[in-house]
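Some notes on the structure that comes next.
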Amino acid sequence: MNKARLAAQSRAQLDGRFKALGPVTRYSPPVRGWIKAVREALGMTTAQLATRLGMKQPSVVAIEQSEAKGTIELATLRRVAEALDCTLVYAFVPNKRLEAAVRDRARAFLRRRRGPVEHSMLLEDQKVEGTDSEARLDEIVRETNPRLFWDER
């Protein structure tokens, strides 16, 4: 199986998984962070969480502040999640379907490749074909290694 088809299968599988997650807004962290929100919902103090983590209470406060600022380390989040009897879920959720992102990049790829040819044809007063048809785009996405689409030129 060629790289393009393998990548297409991977995109389809991941797009299916992402669709099952639902809207990304469901996963927006509380303003003061997940650690503090869960800890308070459990009725646990920072001192009690510190004991579970084997650290001092001011360290828990610093961890909660670090999470709220977005500077916390993933390993720390995982450790605190375990102490709160939670599972840390870590994911990149695309803003649009992966297939749509690749098709957008393929369109840009075609425009970059077609640009010099169109310029030459216009200089020779020849007509340039219109926009890429969806069938042509399907063929490019299906047959081209998608790594080529991401080169910035």
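Chain labels follow the order of the structure tokens: the first chain is A, the next B, and so on; residue numbering restarts at 1 in every chain, and ligands are counted from 1 in their shown order.
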### Message
Applying 9 Å and only C-alpha atoms, which residues near Gln65 of chain A remain after dropping the ones on its own chain fewer than 5 positions away? List them as a count of residues only.
### Response
7
### Task
Using DSSP on the backbone coordinates, identify the residues of chain A assigned to alpha helix (DSSP H); present them as a ChimeraX atom specification.
/A:3-21,34-41,46-53,57-69,74-83,98-123,134-143
For Leu98 of chain A, please output as a PDB file with N, CA, C and O atoms, in the first residue's frame all residues within 9 Å (counting only C-alpha atoms; exclusion window: fewer than 2 positions along the same chain).
ATOM      1  N   ARG A  11      -6.152   8.913   8.474  1.00  0.00           N
ATOM      2  CA  ARG A  11      -7.022  10.089   8.639  1.00  0.00           C
ATOM      3  C   ARG A  11      -8.459   9.676   8.897  1.00  0.00           C
ATOM      4  O   ARG A  11      -9.124  10.223   9.779  1.00  0.00           O
ATOM      5  N   ALA A  12      -8.938   8.706   8.140  1.00  0.00           N
ATOM      6  CA  ALA A  12     -10.325   8.262   8.293  1.00  0.00           C
ATOM      7  C   ALA A  12     -10.560   7.683   9.689  1.00  0.00           C
ATOM      8  O   ALA A  12     -11.572   7.969  10.326  1.00  0.00           O
ATOM      9  N   LEU A  14      -8.792   8.305  12.472  1.00  0.00           N
ATOM     10  CA  LEU A  14      -8.712   9.366  13.479  1.00  0.00           C
ATOM     11  C   LEU A  14      -9.920  10.292  13.406  1.00  0.00           C
ATOM     12  O   LEU A  14     -10.456  10.695  14.449  1.00  0.00           O
ATOM     13  N   ASP A  15     -10.358  10.642  12.190  1.00  0.00           N
ATOM     14  CA  ASP A  15     -11.546  11.497  12.060  1.00  0.00           C
ATOM     15  C   ASP A  15     -12.752  10.849  12.746  1.00  0.00           C
ATOM     16  O   ASP A  15     -13.550  11.530  13.386  1.00  0.00           O
ATOM     17  N   PRO A  94      -8.378  18.159  16.292  1.00  0.00           N
ATOM     18  CA  PRO A  94      -8.301  19.097  15.163  1.00  0.00           C
ATOM     19  C   PRO A  94      -9.515  20.019  15.098  1.00  0.00           C
ATOM     20  O   PRO A  94     -10.623  19.644  15.494  1.00  0.00           O
ATOM     21  N   ASN A  95      -9.279  21.222  14.596  1.00  0.00           N
ATOM     22  CA  ASN A  95     -10.361  22.205  14.454  1.00  0.00           C
ATOM     23  C   ASN A  95     -11.290  21.869  13.293  1.00  0.00           C
ATOM     24  O   ASN A  95     -12.403  22.387  13.223  1.00  0.00           O
ATOM     25  N   LYS A  96     -10.810  21.043  12.377  1.00  0.00           N
ATOM     26  CA  LYS A  96     -11.658  20.542  11.295  1.00  0.00           C
ATOM     27  C   LYS A  96     -11.200  19.114  11.003  1.00  0.00           C
ATOM     28  O   LYS A  96     -10.145  18.690  11.461  1.00  0.00           O
ATOM     29  N   ALA A 100     -10.365  17.126   5.587  1.00  0.00           N
ATOM     30  CA  ALA A 100     -10.587  18.479   5.069  1.00  0.00           C
ATOM     31  C   ALA A 100      -9.287  19.279   5.090  1.00  0.00           C
ATOM     32  O   ALA A 100      -8.999  20.036   4.153  1.00  0.00           O
ATOM     33  N   ALA A 101      -8.484  19.114   6.133  1.00  0.00           N
ATOM     34  CA  ALA A 101      -7.205  19.819   6.222  1.00  0.00           C
ATOM     35  C   ALA A 101      -6.270  19.385   5.097  1.00  0.00           C
ATOM     36  O   ALA A 101      -5.606  20.223   4.472  1.00  0.00           O
ATOM     37  N   VAL A 102      -6.227  18.091   4.817  1.00  0.00           N
ATOM     38  CA  VAL A 102      -5.366  17.586   3.744  1.00  0.00           C
ATOM     39  C   VAL A 102      -5.868  18.081   2.394  1.00  0.00           C
ATOM     40  O   VAL A 102      -5.077  18.485   1.531  1.00  0.00           O
ATOM     41  N   ARG A 103      -7.171  18.085   2.186  1.00  0.00           N
ATOM     42  CA  ARG A 103      -7.722  18.574   0.912  1.00  0.00           C
ATOM     43  C   ARG A 103      -7.397  20.059   0.724  1.00  0.00           C
ATOM     44  O   ARG A 103      -7.059  20.490  -0.373  1.00  0.00           O
TER      45      ARG A 103
END
### Message
Ranking A:Arg105, A:Lys69, A:Arg39, A:Arg78 by minimum distance to Tyr90 of chain A and counting only C-alpha atoms, which one comes first?
### Response
A:Arg78
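Closest approach to Gly22 of chain A among A:Val93, A:Gln48, A:Leu74, A:Gln9 is made by A:Val93 (distances from only C-alpha atoms).
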### Task
Compile the contact shell of Val89 of chain A as a list of chain:residue names: residues with an atom at most 12 Å away, counting only C-alpha atoms, same-chain residues fewer than 2 positions apart removed.
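My list of contacting residues is A:Leu21, A:Tyr27, A:Trp34, A:Leu74, A:Leu77, A:Arg78, A:Ala81, A:Glu82, A:Cys86, A:Thr87, A:Ala91, A:Phe92, A:Val93.
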### Message
Measuring between only C-alpha atoms, which one of A:Arg5, A:Pro58, A:Ile63, A:Arg136 shows the shortest distance to Ala75 of chain A?
### Response
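Looking at the shortest contact to Ala75 of chain A, the residue is A:Ile63.
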### Query
Of the candidates A:Asp85, A:Asp104, A:Glu64, A:Glu152, which shows the shortest atom-to-atom distance to Leu42 of chain A, using only C-alpha atoms?
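Comparing A:Asp85, A:Asp104, A:Glu64, A:Glu152 against Leu42 of chain A, the winner is A:Asp85.
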### Message
Between atom CA of Thr45 of chain A and atom CA of Glu67 of chain A, what is the distance in Å, rounded to a tenth?
### Response
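Computing the Euclidean distance for atom CA of Thr45 of chain A and atom CA of Glu67 of chain A yields 16.9 Å.
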